[in-house]
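Pasted below: model18.txt, compact mmCIF, C-alpha atoms.
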# COMPACT_ATOMS: atom_id res chain seq x y z
CA MET A 1142 -9.48 -29.31 11.69
CA GLY A 1143 -8.31 -26.46 13.90
CA TYR A 1144 -9.69 -22.97 13.99
CA PRO A 1145 -10.40 -21.08 10.81
CA ALA A 1146 -7.69 -18.58 9.89
CA VAL A 1147 -10.14 -15.69 10.23
CA GLN A 1148 -13.65 -15.58 11.65
CA PHE A 1149 -15.93 -12.55 11.50
CA SER A 1150 -19.00 -12.73 13.75
CA ARG A 1151 -21.66 -10.05 13.23
CA VAL A 1152 -18.96 -7.45 12.72
CA VAL A 1153 -19.91 -3.79 12.47
CA LYS A 1154 -17.36 -1.09 11.75
CA ALA A 1155 -18.71 2.45 11.86
CA TYR A 1156 -16.94 5.75 11.29
CA GLY A 1157 -18.42 8.97 12.66
CA GLU A 1158 -21.46 9.22 14.90
CA GLY A 1159 -25.16 10.01 14.72
CA GLU A 1160 -26.21 11.72 11.48
CA THR A 1161 -22.76 11.39 9.96
CA GLU A 1162 -22.22 7.74 10.89
CA VAL A 1163 -21.05 5.61 8.00
CA ARG A 1164 -21.08 1.83 8.37
CA ALA A 1165 -18.13 0.46 6.42
CA LEU A 1166 -19.06 -3.02 7.65
CA ASP A 1167 -22.62 -3.72 8.59
CA GLY A 1168 -23.07 -7.13 10.20
CA VAL A 1169 -20.47 -9.30 8.50
CA ASP A 1170 -20.39 -13.03 9.23
CA LEU A 1171 -17.54 -14.67 7.38
CA THR A 1172 -15.32 -17.71 7.85
CA ILE A 1173 -11.98 -17.91 6.05
CA PRO A 1174 -10.68 -21.48 6.42
CA THR A 1175 -6.98 -22.08 6.94
CA GLY A 1176 -5.08 -22.88 3.76
CA GLU A 1177 -7.49 -21.24 1.33
CA LEU A 1178 -7.06 -18.43 -1.12
CA VAL A 1179 -10.12 -16.25 -0.66
CA ALA A 1180 -10.82 -13.35 -3.01
CA VAL A 1181 -12.94 -10.42 -1.84
CA MET A 1182 -14.74 -8.43 -4.53
CA GLY A 1183 -17.18 -5.56 -4.62
CA PRO A 1184 -17.61 -1.95 -5.76
CA SER A 1185 -15.36 0.73 -4.29
CA GLY A 1186 -16.51 1.75 -0.84
CA CYS A 1187 -18.19 -1.62 -0.20
CA GLY A 1188 -15.95 -2.34 2.81
CA LYS A 1189 -13.36 -4.68 1.23
CA SER A 1190 -10.33 -2.85 2.58
CA THR A 1191 -11.93 -2.32 5.99
CA LEU A 1192 -12.54 -6.08 6.16
CA LEU A 1193 -8.84 -6.65 5.50
CA HIS A 1194 -7.74 -4.09 8.10
CA LEU A 1195 -9.94 -5.73 10.73
CA ALA A 1196 -8.71 -9.22 9.84
CA GLY A 1197 -5.17 -8.01 10.37
CA GLY A 1198 -5.93 -6.20 13.61
CA LEU A 1199 -5.06 -2.80 12.12
CA GLU A 1200 -8.51 -1.56 13.11
CA HIS A 1201 -11.05 -2.70 15.68
CA PRO A 1202 -14.71 -3.54 15.19
CA THR A 1203 -17.37 -1.20 16.56
CA ALA A 1204 -19.43 -4.30 17.39
CA GLY A 1205 -19.06 -8.05 16.91
CA ALA A 1206 -15.85 -10.06 17.01
CA VAL A 1207 -12.91 -10.84 14.76
CA ALA A 1208 -10.90 -13.95 15.57
CA VAL A 1209 -7.56 -14.89 13.99
CA ASN A 1210 -6.51 -18.52 14.40
CA GLY A 1211 -9.17 -18.90 17.07
CA ARG A 1212 -8.17 -15.86 19.15
CA ASP A 1213 -10.62 -12.98 19.54
CA LEU A 1214 -8.58 -9.89 18.72
CA SER A 1215 -10.66 -7.67 21.02
CA ALA A 1216 -9.80 -9.93 23.97
CA LEU A 1217 -6.06 -9.44 23.46
CA ASP A 1218 -4.22 -6.51 25.02
CA ALA A 1219 -2.35 -4.14 22.71
CA ALA A 1220 0.99 -5.90 23.15
CA ARG A 1221 -0.41 -9.34 22.37
CA ARG A 1222 -2.29 -7.97 19.39
CA ALA A 1223 0.87 -6.37 18.07
CA ALA A 1224 2.76 -9.64 18.56
CA LEU A 1225 0.08 -11.59 16.70
CA ARG A 1226 0.17 -9.08 13.86
CA ARG A 1227 3.94 -9.31 13.69
CA ASP A 1228 4.28 -13.09 13.99
CA GLU A 1229 1.24 -14.44 12.19
CA VAL A 1230 -0.04 -11.86 9.71
CA GLY A 1231 1.60 -10.41 6.61
CA PHE A 1232 0.31 -7.52 4.51
CA VAL A 1233 0.82 -6.74 0.83
CA PHE A 1234 -0.57 -3.45 -0.43
CA GLN A 1235 -0.89 -1.90 -3.86
CA ARG A 1236 1.76 0.61 -2.88
CA LEU A 1237 4.68 -1.51 -1.99
CA ASN A 1238 5.77 0.06 1.28
CA LEU A 1239 9.27 -1.33 0.98
CA ILE A 1240 11.77 0.74 2.88
CA ALA A 1241 13.97 2.44 0.30
CA SER A 1242 17.04 2.67 2.53
CA LEU A 1243 17.07 -1.06 3.31
CA THR A 1244 18.24 -3.75 0.87
CA ALA A 1245 15.85 -6.44 -0.41
CA VAL A 1246 17.01 -8.95 2.16
CA GLU A 1247 16.96 -6.37 4.98
CA ASN A 1248 13.38 -5.42 4.09
CA VAL A 1249 12.31 -9.05 4.33
CA ALA A 1250 14.26 -9.65 7.56
CA LEU A 1251 12.79 -6.57 9.23
CA PRO A 1252 9.64 -8.15 10.73
CA LEU A 1253 11.77 -10.93 12.25
CA GLU A 1254 14.19 -8.43 13.76
CA LEU A 1255 11.29 -6.38 15.12
CA GLY A 1256 10.19 -9.63 16.78
CA GLY A 1257 13.51 -9.84 18.59
CA MET A 1258 15.57 -11.99 16.25
CA SER A 1259 19.17 -10.99 15.59
CA ALA A 1260 20.11 -9.83 12.08
CA LYS A 1261 22.35 -12.88 11.79
CA GLU A 1262 19.50 -15.27 12.59
CA ALA A 1263 17.00 -13.42 10.43
CA ARG A 1264 19.07 -13.24 7.27
CA PRO A 1265 18.90 -16.93 6.22
CA LEU A 1266 15.14 -16.97 6.80
CA ALA A 1267 14.79 -13.83 4.67
CA VAL A 1268 16.93 -15.36 1.91
CA GLU A 1269 14.76 -18.48 2.03
CA ALA A 1270 11.55 -16.43 1.79
CA LEU A 1271 12.94 -14.50 -1.18
CA ALA A 1272 13.90 -17.77 -2.90
CA SER A 1273 10.36 -19.06 -2.38
CA VAL A 1274 9.01 -16.13 -4.43
CA GLY A 1275 11.60 -16.66 -7.14
CA LEU A 1276 14.25 -14.12 -6.13
CA SER A 1277 17.73 -15.38 -5.42
CA GLN A 1278 20.03 -12.80 -6.95
CA GLN A 1279 21.21 -9.33 -6.02
CA LEU A 1280 19.43 -9.52 -2.70
CA ASP A 1281 21.73 -6.87 -1.24
CA ARG A 1282 20.50 -4.26 -3.71
CA PHE A 1283 18.03 -1.55 -2.70
CA PRO A 1284 14.36 -1.76 -3.78
CA ASP A 1285 14.65 0.82 -6.60
CA HIS A 1286 17.09 -1.53 -8.34
CA PHE A 1287 14.23 -4.02 -8.90
CA SER A 1288 11.29 -3.95 -11.34
CA GLY A 1289 7.74 -3.36 -10.08
CA GLY A 1290 6.98 -7.06 -10.24
CA GLN A 1291 10.17 -7.96 -8.36
CA GLN A 1292 9.44 -5.33 -5.70
CA GLN A 1293 6.01 -6.88 -5.20
CA ARG A 1294 7.68 -10.29 -4.83
CA ILE A 1295 9.92 -8.80 -2.15
CA ALA A 1296 6.79 -7.49 -0.41
CA ILE A 1297 5.23 -10.98 -0.57
CA ALA A 1298 8.42 -12.54 0.82
CA ARG A 1299 8.31 -10.02 3.67
CA ALA A 1300 4.68 -10.95 4.31
CA VAL A 1301 5.34 -14.70 4.56
CA VAL A 1302 8.84 -14.70 6.14
CA GLY A 1303 9.24 -16.76 9.31
CA GLY A 1304 6.24 -18.94 8.50
CA ARG A 1305 3.51 -16.36 9.00
CA GLY A 1306 0.39 -18.14 7.93
CA LEU A 1307 -2.05 -15.36 7.06
CA LEU A 1308 -1.37 -13.07 4.13
CA LEU A 1309 -3.69 -10.11 3.53
CA ALA A 1310 -3.31 -8.53 0.09
CA ASP A 1311 -5.13 -5.34 -0.89
CA GLU A 1312 -5.17 -4.88 -4.69
CA PRO A 1313 -1.54 -6.04 -4.84
CA THR A 1314 -1.54 -6.03 -8.64
CA GLY A 1315 -2.76 -2.46 -9.03
CA SER A 1316 0.56 -0.95 -10.07
CA LEU A 1317 1.70 -3.82 -12.32
CA ASP A 1318 1.33 -4.51 -16.04
CA SER A 1319 -1.11 -7.29 -16.87
CA ARG A 1320 1.42 -10.07 -17.47
CA THR A 1321 3.32 -9.32 -14.27
CA ALA A 1322 0.01 -9.04 -12.42
CA ASP A 1323 -0.96 -12.53 -13.66
CA GLU A 1324 2.35 -13.94 -12.41
CA MET A 1325 1.83 -12.24 -9.07
CA VAL A 1326 -1.62 -13.73 -8.55
CA GLU A 1327 -0.34 -17.15 -9.62
CA LEU A 1328 2.38 -16.81 -6.99
CA LEU A 1329 -0.17 -15.83 -4.32
CA ALA A 1330 -2.38 -18.75 -5.39
CA SER A 1331 0.52 -21.17 -4.88
CA LEU A 1332 1.11 -20.14 -1.25
CA PRO A 1333 -1.71 -22.24 0.28
CA SER A 1334 -0.48 -25.49 -1.25
CA ARG A 1335 3.23 -24.76 -0.78
CA PHE A 1336 3.14 -23.42 2.76
CA GLY A 1337 -0.37 -24.09 4.04
CA ALA A 1338 -0.78 -20.31 4.13
CA THR A 1339 -4.14 -18.56 4.03
CA VAL A 1340 -4.38 -15.71 1.54
CA VAL A 1341 -7.09 -13.06 1.47
CA LEU A 1342 -6.94 -11.16 -1.79
CA VAL A 1343 -8.95 -7.97 -2.31
CA THR A 1344 -9.36 -7.40 -6.03
CA HIS A 1345 -11.78 -5.97 -8.56
CA GLU A 1346 -10.44 -8.17 -11.38
CA PRO A 1347 -12.54 -11.30 -12.08
CA ARG A 1348 -9.51 -12.85 -13.77
CA PHE A 1349 -7.52 -12.71 -10.53
CA ALA A 1350 -10.47 -13.71 -8.37
CA SER A 1351 -10.84 -16.86 -10.48
CA TRP A 1352 -7.63 -18.24 -8.93
CA ALA A 1353 -9.33 -18.27 -5.54
CA ASP A 1354 -10.82 -21.28 -3.75
CA ARG A 1355 -13.66 -19.04 -2.70
CA VAL A 1356 -14.85 -15.63 -3.85
CA VAL A 1357 -16.70 -13.36 -1.43
CA PHE A 1358 -18.87 -10.56 -2.82
CA MET A 1359 -19.53 -7.44 -0.75
CA ARG A 1360 -21.90 -4.52 -1.15
CA ASP A 1361 -22.70 -1.68 1.24
CA GLY A 1362 -20.67 -3.22 4.06
CA GLN A 1363 -22.29 -6.64 3.80
CA VAL A 1364 -21.33 -9.98 2.34
CA VAL A 1365 -23.98 -10.56 -0.32
CA ASP A 1366 -22.81 -13.89 -1.72
CA GLN A 1367 -19.86 -16.24 -2.05
CA THR A 1368 -18.75 -18.98 -4.39
CA ARG A 1369 -17.37 -22.31 -3.44
CA THR A 1370 -16.28 -24.61 -6.24
CA THR A 1371 -14.25 -27.16 -4.31
CA PRO A 1372 -16.35 -29.92 -2.75
CA PRO A 1373 -15.74 -30.01 1.02
CA ASP A 1374 -14.14 -33.47 0.96
CA GLU A 1375 -11.74 -32.62 -1.83
CA PRO A 1376 -8.34 -31.06 -1.08
CA VAL A 1377 -8.80 -27.32 -1.32
CA VAL A 1378 -5.65 -26.78 -3.28
CA ALA A 1379 -3.91 -28.43 -6.16
CA PRO A 1380 -0.37 -29.77 -5.63
CA ALA A 1381 2.22 -27.02 -5.90
CA ASP A 1382 3.77 -28.42 -9.05
CA GLU A 1383 0.48 -27.93 -10.89
CA LEU A 1384 0.32 -24.28 -9.94
CA VAL A 1385 3.91 -23.26 -10.35
CA PRO A 1386 5.28 -23.66 -13.85
CA MET B 285 -19.72 -19.46 -39.42
CA THR B 286 -21.68 -22.19 -41.10
CA VAL B 287 -20.48 -25.74 -41.85
CA ARG B 288 -20.25 -24.60 -45.46
CA GLU B 289 -17.73 -21.88 -44.66
CA GLY B 290 -15.77 -24.18 -42.37
CA LEU B 291 -15.42 -26.80 -45.11
CA LEU B 292 -14.36 -24.21 -47.67
CA ALA B 293 -11.68 -22.97 -45.27
CA LEU B 294 -10.33 -26.52 -44.81
CA LEU B 295 -10.43 -27.28 -48.55
CA HIS B 296 -8.46 -24.09 -49.20
CA GLU B 297 -5.55 -25.91 -47.55
CA GLY B 298 -5.75 -28.65 -50.21
CA PRO B 299 -8.01 -31.47 -51.50
CA ARG B 300 -9.63 -33.68 -48.84
CA HIS B 301 -12.20 -36.46 -48.56
CA GLY B 302 -15.36 -36.27 -46.46
CA TYR B 303 -14.26 -38.11 -43.32
CA GLN B 304 -11.00 -36.16 -43.25
CA LEU B 305 -13.03 -32.92 -43.40
CA LYS B 306 -15.18 -34.07 -40.47
CA THR B 307 -12.20 -34.80 -38.19
CA GLU B 308 -10.29 -31.67 -39.20
CA PHE B 309 -13.40 -29.50 -38.72
CA GLU B 310 -13.88 -30.85 -35.19
CA ALA B 311 -10.21 -30.44 -34.27
CA ALA B 312 -10.03 -26.90 -35.68
CA THR B 313 -13.10 -25.82 -33.71
CA GLY B 314 -11.68 -27.12 -30.43
CA GLY B 315 -14.31 -29.83 -29.98
CA VAL B 316 -17.20 -27.37 -29.56
CA TRP B 317 -18.87 -28.40 -32.86
CA PRO B 318 -19.23 -32.15 -33.46
CA LEU B 319 -20.34 -33.08 -36.99
CA ASN B 320 -21.74 -36.30 -38.40
CA VAL B 321 -20.42 -37.53 -41.71
CA GLY B 322 -23.88 -37.24 -43.28
CA GLN B 323 -23.89 -33.50 -42.59
CA VAL B 324 -20.49 -33.18 -44.22
CA TYR B 325 -21.57 -34.99 -47.40
CA THR B 326 -24.85 -33.07 -47.67
CA THR B 327 -22.91 -29.81 -47.42
CA LEU B 328 -20.32 -30.99 -49.95
CA ASP B 329 -23.14 -31.92 -52.38
CA ARG B 330 -24.56 -28.39 -52.12
CA LEU B 331 -21.13 -26.81 -52.49
CA GLU B 332 -20.57 -28.92 -55.61
CA ARG B 333 -24.00 -27.99 -57.00
CA ASP B 334 -23.14 -24.29 -56.48
CA GLY B 335 -19.79 -24.72 -58.22
CA LEU B 336 -17.72 -23.90 -55.11
CA VAL B 337 -15.99 -27.31 -54.91
CA ARG B 338 -15.43 -30.15 -57.37
CA ILE B 339 -14.54 -33.83 -57.17
CA THR B 340 -10.96 -34.44 -58.21
CA GLY B 341 -10.75 -38.20 -57.90
CA ALA B 342 -10.89 -41.08 -55.50
CA GLY B 343 -9.04 -41.44 -52.19
CA GLU B 344 -7.21 -44.52 -50.89
CA SER B 345 -10.36 -46.60 -51.16
CA SER B 346 -12.13 -46.03 -54.47
CA ALA B 347 -15.44 -45.31 -52.68
CA GLN B 348 -13.98 -42.09 -51.12
CA LYS B 349 -14.43 -39.01 -53.24
CA VAL B 350 -11.79 -36.31 -52.91
CA TYR B 351 -12.94 -32.69 -53.10
CA GLU B 352 -11.08 -29.51 -54.01
CA ILE B 353 -12.07 -25.87 -53.87
CA THR B 354 -12.83 -23.98 -57.12
CA ARG B 355 -11.99 -20.38 -58.04
CA GLU B 356 -15.57 -19.40 -57.07
CA GLY B 357 -15.20 -21.25 -53.79
CA THR B 358 -12.00 -19.34 -53.04
CA ASP B 359 -13.78 -16.03 -53.79
CA GLU B 360 -16.66 -16.91 -51.47
CA LEU B 361 -14.22 -17.93 -48.73
CA GLY B 362 -12.32 -14.63 -49.18
CA ALA B 363 -15.55 -12.65 -48.81
CA TRP B 364 -16.35 -14.58 -45.61
CA TRP B 365 -12.93 -13.88 -44.03
CA GLU B 366 -13.45 -10.18 -44.75
CA ALA B 367 -17.02 -9.96 -43.43
CA VAL B 368 -17.44 -8.58 -39.90
CA PRO B 369 -20.31 -9.94 -37.77
CA ALA B 370 -23.09 -7.34 -37.66
CA GLU B 371 -24.05 -5.80 -34.30
CA ASP B 372 -27.14 -3.99 -35.57
CA PRO B 373 -29.69 -4.74 -34.19
CA PRO B 374 -27.85 -5.57 -30.91
CA PRO B 375 -27.62 -9.31 -30.17
CA ARG B 376 -30.37 -10.68 -27.93
CA ASP B 377 -28.07 -11.64 -25.16
CA GLU B 378 -29.75 -13.87 -22.55
CA LEU B 379 -27.89 -12.40 -19.57
CA MET B 380 -28.50 -8.80 -20.64
CA LEU B 381 -32.21 -9.37 -21.21
CA LYS B 382 -32.60 -11.23 -17.91
CA VAL B 383 -31.02 -8.39 -15.95
CA LEU B 384 -33.02 -5.71 -17.79
CA MET B 385 -36.23 -7.63 -17.03
CA ALA B 386 -35.21 -8.03 -13.38
CA ILE B 387 -34.61 -4.28 -13.01
CA GLU B 388 -38.06 -3.74 -14.50
CA HIS B 389 -39.30 -5.58 -11.36
CA GLY B 390 -37.55 -3.08 -9.09
CA HIS B 391 -34.03 -2.19 -7.98
CA GLN B 392 -33.81 -4.75 -5.19
CA HIS B 393 -34.82 -7.59 -7.48
CA GLY B 394 -32.36 -6.28 -10.07
CA LEU B 395 -29.55 -6.32 -7.53
CA ARG B 396 -30.46 -9.83 -6.40
CA VAL B 397 -30.37 -11.14 -9.95
CA VAL B 398 -27.10 -9.31 -10.67
CA THR B 399 -25.55 -10.84 -7.54
CA ARG B 400 -26.74 -14.34 -8.37
CA GLN B 401 -25.56 -14.19 -11.98
CA ARG B 402 -22.22 -12.78 -10.94
CA THR B 403 -21.59 -15.51 -8.39
CA GLU B 404 -22.36 -18.20 -10.96
CA LEU B 405 -20.18 -16.55 -13.60
CA LEU B 406 -17.27 -16.26 -11.17
CA ALA B 407 -17.72 -19.92 -10.23
CA LEU B 408 -17.62 -20.75 -13.96
CA LEU B 409 -14.42 -18.74 -14.29
CA GLN B 410 -12.94 -20.64 -11.32
CA ARG B 411 -13.87 -23.98 -12.90
CA LYS B 412 -12.35 -23.03 -16.25
CA ARG B 413 -9.18 -21.84 -14.51
CA ARG B 414 -8.91 -25.20 -12.74
CA GLU B 415 -9.56 -27.16 -15.92
CA ARG B 416 -6.93 -25.18 -17.76
CA THR B 417 -4.40 -25.64 -14.98
CA ALA B 418 -5.14 -29.38 -14.88
CA ALA B 419 -4.95 -29.76 -18.67
CA GLY B 420 -1.58 -27.99 -18.89
CA ASP B 421 -0.30 -28.14 -22.48
CA THR B 422 -2.07 -31.40 -23.28
CA GLY B 423 -5.36 -30.03 -24.60
CA GLY B 424 -4.12 -28.60 -27.91
CA LEU B 425 -4.16 -25.05 -29.20
CA ALA B 426 -7.81 -24.93 -30.36
CA ALA B 427 -9.14 -26.28 -27.04
CA GLU B 428 -6.95 -23.83 -25.11
CA LEU B 429 -8.25 -20.90 -27.17
CA VAL B 430 -11.86 -22.07 -26.70
CA THR B 431 -11.28 -21.97 -22.93
CA GLU B 432 -9.67 -18.53 -23.28
CA ALA B 433 -12.73 -17.30 -25.22
CA LEU B 434 -15.14 -18.61 -22.56
CA MET B 435 -13.08 -16.99 -19.82
CA ALA B 436 -12.79 -13.67 -21.66
CA ARG B 437 -16.56 -13.64 -22.21
CA ALA B 438 -17.26 -14.44 -18.57
CA GLU B 439 -14.91 -11.61 -17.54
CA ALA B 440 -16.67 -9.18 -19.88
CA ASP B 441 -20.08 -10.24 -18.55
CA LEU B 442 -18.81 -9.83 -14.98
CA ARG B 443 -17.59 -6.30 -15.75
CA TRP B 444 -20.97 -5.46 -17.20
CA LEU B 445 -22.72 -6.86 -14.10
CA ASP B 446 -20.40 -4.76 -11.90
CA ARG B 447 -21.43 -1.73 -13.94
CA CYS B 448 -25.14 -2.62 -13.53
CA GLU B 449 -24.64 -2.95 -9.78
CA ALA B 450 -22.84 0.40 -9.52
CA VAL B 451 -25.59 2.17 -11.45
CA LEU B 452 -28.37 0.52 -9.41
CA VAL B 453 -26.68 1.31 -6.09
CA GLU B 454 -26.06 4.91 -7.15
CA GLN B 455 -29.67 5.40 -8.22
CA GLN B 456 -30.89 3.87 -4.99
CA SER B 457 -28.69 6.11 -2.85
CA ASN B 458 -29.80 9.19 -4.83
CA ARG B 459 -33.41 8.24 -4.15
CA THR B 460 -32.74 7.75 -0.44
CA LYS B 461 -31.05 11.16 -0.27
CA GLY B 462 -33.90 12.71 -2.24
CA SER B 463 -36.51 11.31 0.15
CA LYS B 464 -34.72 12.60 3.27

Could you render the structure from this file as structure tokens?
Amino acid sequence: MGYPAVQFSRVVKAYGEGETEVRALDGVDLTIPTGELVAVMGPSGCGKSTLLHLAGGLEHPTAGAVAVNGRDLSALDAARRAALRRDEVGFVFQRLNLIASLTAVENVALPLELGGMSAKEARPLAVEALASVGLSQQLDRFPDHFSGGQQQRIAIARAVVGGRGLLLADEPTGSLDSRTADEMVELLASLPSRFGATVVLVTHEPRFASWADRVVFMRDGQVVDQTRTTPPDEPVVAPADELVP
Amino acid sequence: MTVREGLLALLHEGPRHGYQLKTEFEAATGGVWPLNVGQVYTTLDRLERDGLVRITGAGESSAQKVYEITREGTDELGAWWEAVPAEDPPPRDELMLKVLMAIEHGHQHGLRVVTRQRTELLALLQRKRRERTAAGDTGGLAAELVTEALMARAEADLRWLDRCEAVLVEQQSNRTKGSK
């Protein structure tokens, strides 16, 4: 076994100072093993989204350390952190954040091109990523041509393109109808077994959390409990063909 | 539902003998309610005594009696389909009472019990999800719907526990503010 995908060690994240200080995270110790789907639940304001931002290096801890694939993010300079974020971490948010003036395939290719790849090299990888989320047609259309569910698939393809192994999803089903939301979570749940990816899913829906290998509960900036149903010596994920109809 | 109502519902489909009723009852209820043949015959005797079923003849072997539903039996079955389970007084739900008792012991204890129950319920939901994925389409409709019912109930209980937690946390923070 290598390093866990994400490791939080006594992480504190505070906003404001003195009287007005608010601790969004208050001493979080958490290990997210590689190749697991981990759901994070808890009431609004409990620190779920902050946890995700720190795991992805979008924000920095006030105290403690966050390591991604064994590297302490605080020990990396800004350029290395940006490179790690670009090459190893993908984000999916409730609001899709697709760029309206780029086609589906261009949206997915964008992170690769930002990493220095030519458009010609990036395109086949983007097409492959889109196929892996079930989209293979009309890839040169703009995002508004696609349904909400399809747009979210494009966002997932963009998050995993180029073999990025850590996908951080913040309420990705929020804007979808319930059937499409179910399909979306099933797709996310298939990523660990299909690609060895690690998925961290912030959700308030027990139904979606039940797809996870592990569910982490937070309250007031702390992890208060977590489930683990898979025995340690059993493969964490079912074969892909069991998860994908 | 009682066994009596279940048997009437099956006999409404057509005449059946006792062992057939046992197997059909178990299949229809998704395996959650095993019956022994003795129970089936005792219930059939009572139904016959009350005029809700009658014996129409013998089955393949002459020892097997075949039963059919009577007009009165059909009326009673109709009344049962129409009846809605009463919610007054509220059901004595184990989880609800446990959490209420825990809160009686103080907010912190309440929150601990809420957290513990929620973790276990979510783990149950995870297990059911796995079982359903593993079973695919092989389990049959009744078994699939039983799993759906268990999952829906667990989800509802989890939502209620979330609500309990929110209320407890809010009360606690109001108290803290009040004491400052």

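Residues of chain A lying within 7 Å of chain B, counting all atoms listed in the file, are A:Pro1184, A:Pro1347, A:Arg1348, A:Ser1351, A:Trp1352, A:Asp1366, A:Gln1367, A:Thr1368, A:Thr1370, A:Glu1383.
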
*Distance CA of Leu1253 (chain A)-CA of Ala1322 (chain A), one decimal place?*
27.4 Å

*Identify which of the residues A:Ala1263, A:Ala1155, A:Leu1171, A:Leu1178 lies closest to Ala1204 (chain A), counting only C-alpha atoms when measuring atom-to-atom distances.*
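Of the candidates, the smallest distance to Ala1204 (chain A) is held by A:Ala1155.
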
*Name all residues at most 12 Å from Gln456 (chain B) (count only C-alpha atoms; drop same-chain ones fewer than 4 positions away) and give them as a ChimeraX atom specification.*
/A:1361 /B:390-392,394-395,449-452,460-463

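With all atoms listed in the file as the basis for measurement, A:Ala1180 is the residue among A:Gln1279, A:Gly1306, A:Ala1180, A:Gln1235 that approaches Phe1349 (chain A) most closely.
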
*Distance query Phe1149 (chain A) at most 7 Å, only C-alpha atoms, self and fewer than 3 positions along chain excluded, as number ranges by chain*: A: 1152, 1169-1172, 1206-1208

_From the options A:Val1365, A:Val1181, A:Ile1173, A:Ala1270, which residue's atoms come nearest to Ala1350 (chain A), counting all atoms listed in the file?_
A:Val1181

_Exercise: Gly1304 (chain A) partners within 10 Å, only C-alpha atoms, chain neighbours under 2 positions left out, as a PyMOL selection string_ = chain A and resi 1228-1231+1266+1270+1300-1302+1306-1307+1336-1338

_When you look at Leu305 (chain B) with a cut-off of 8 Å (counting only C-alpha atoms), what residues show up, excluding the ones that are within fewer than 3 positions of it in the same chain? I need them as number ranges by chain._
B: 291, 294, 300-302, 308-309, 324

_Would you compute the distance between CA of Ser1150 (chain A) and CA of Ser1331 (chain A)? Give it in Å to one decimal._
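One can read the CA of Ser1150 (chain A) to CA of Ser1331 (chain A) distance as 28.3 Å.
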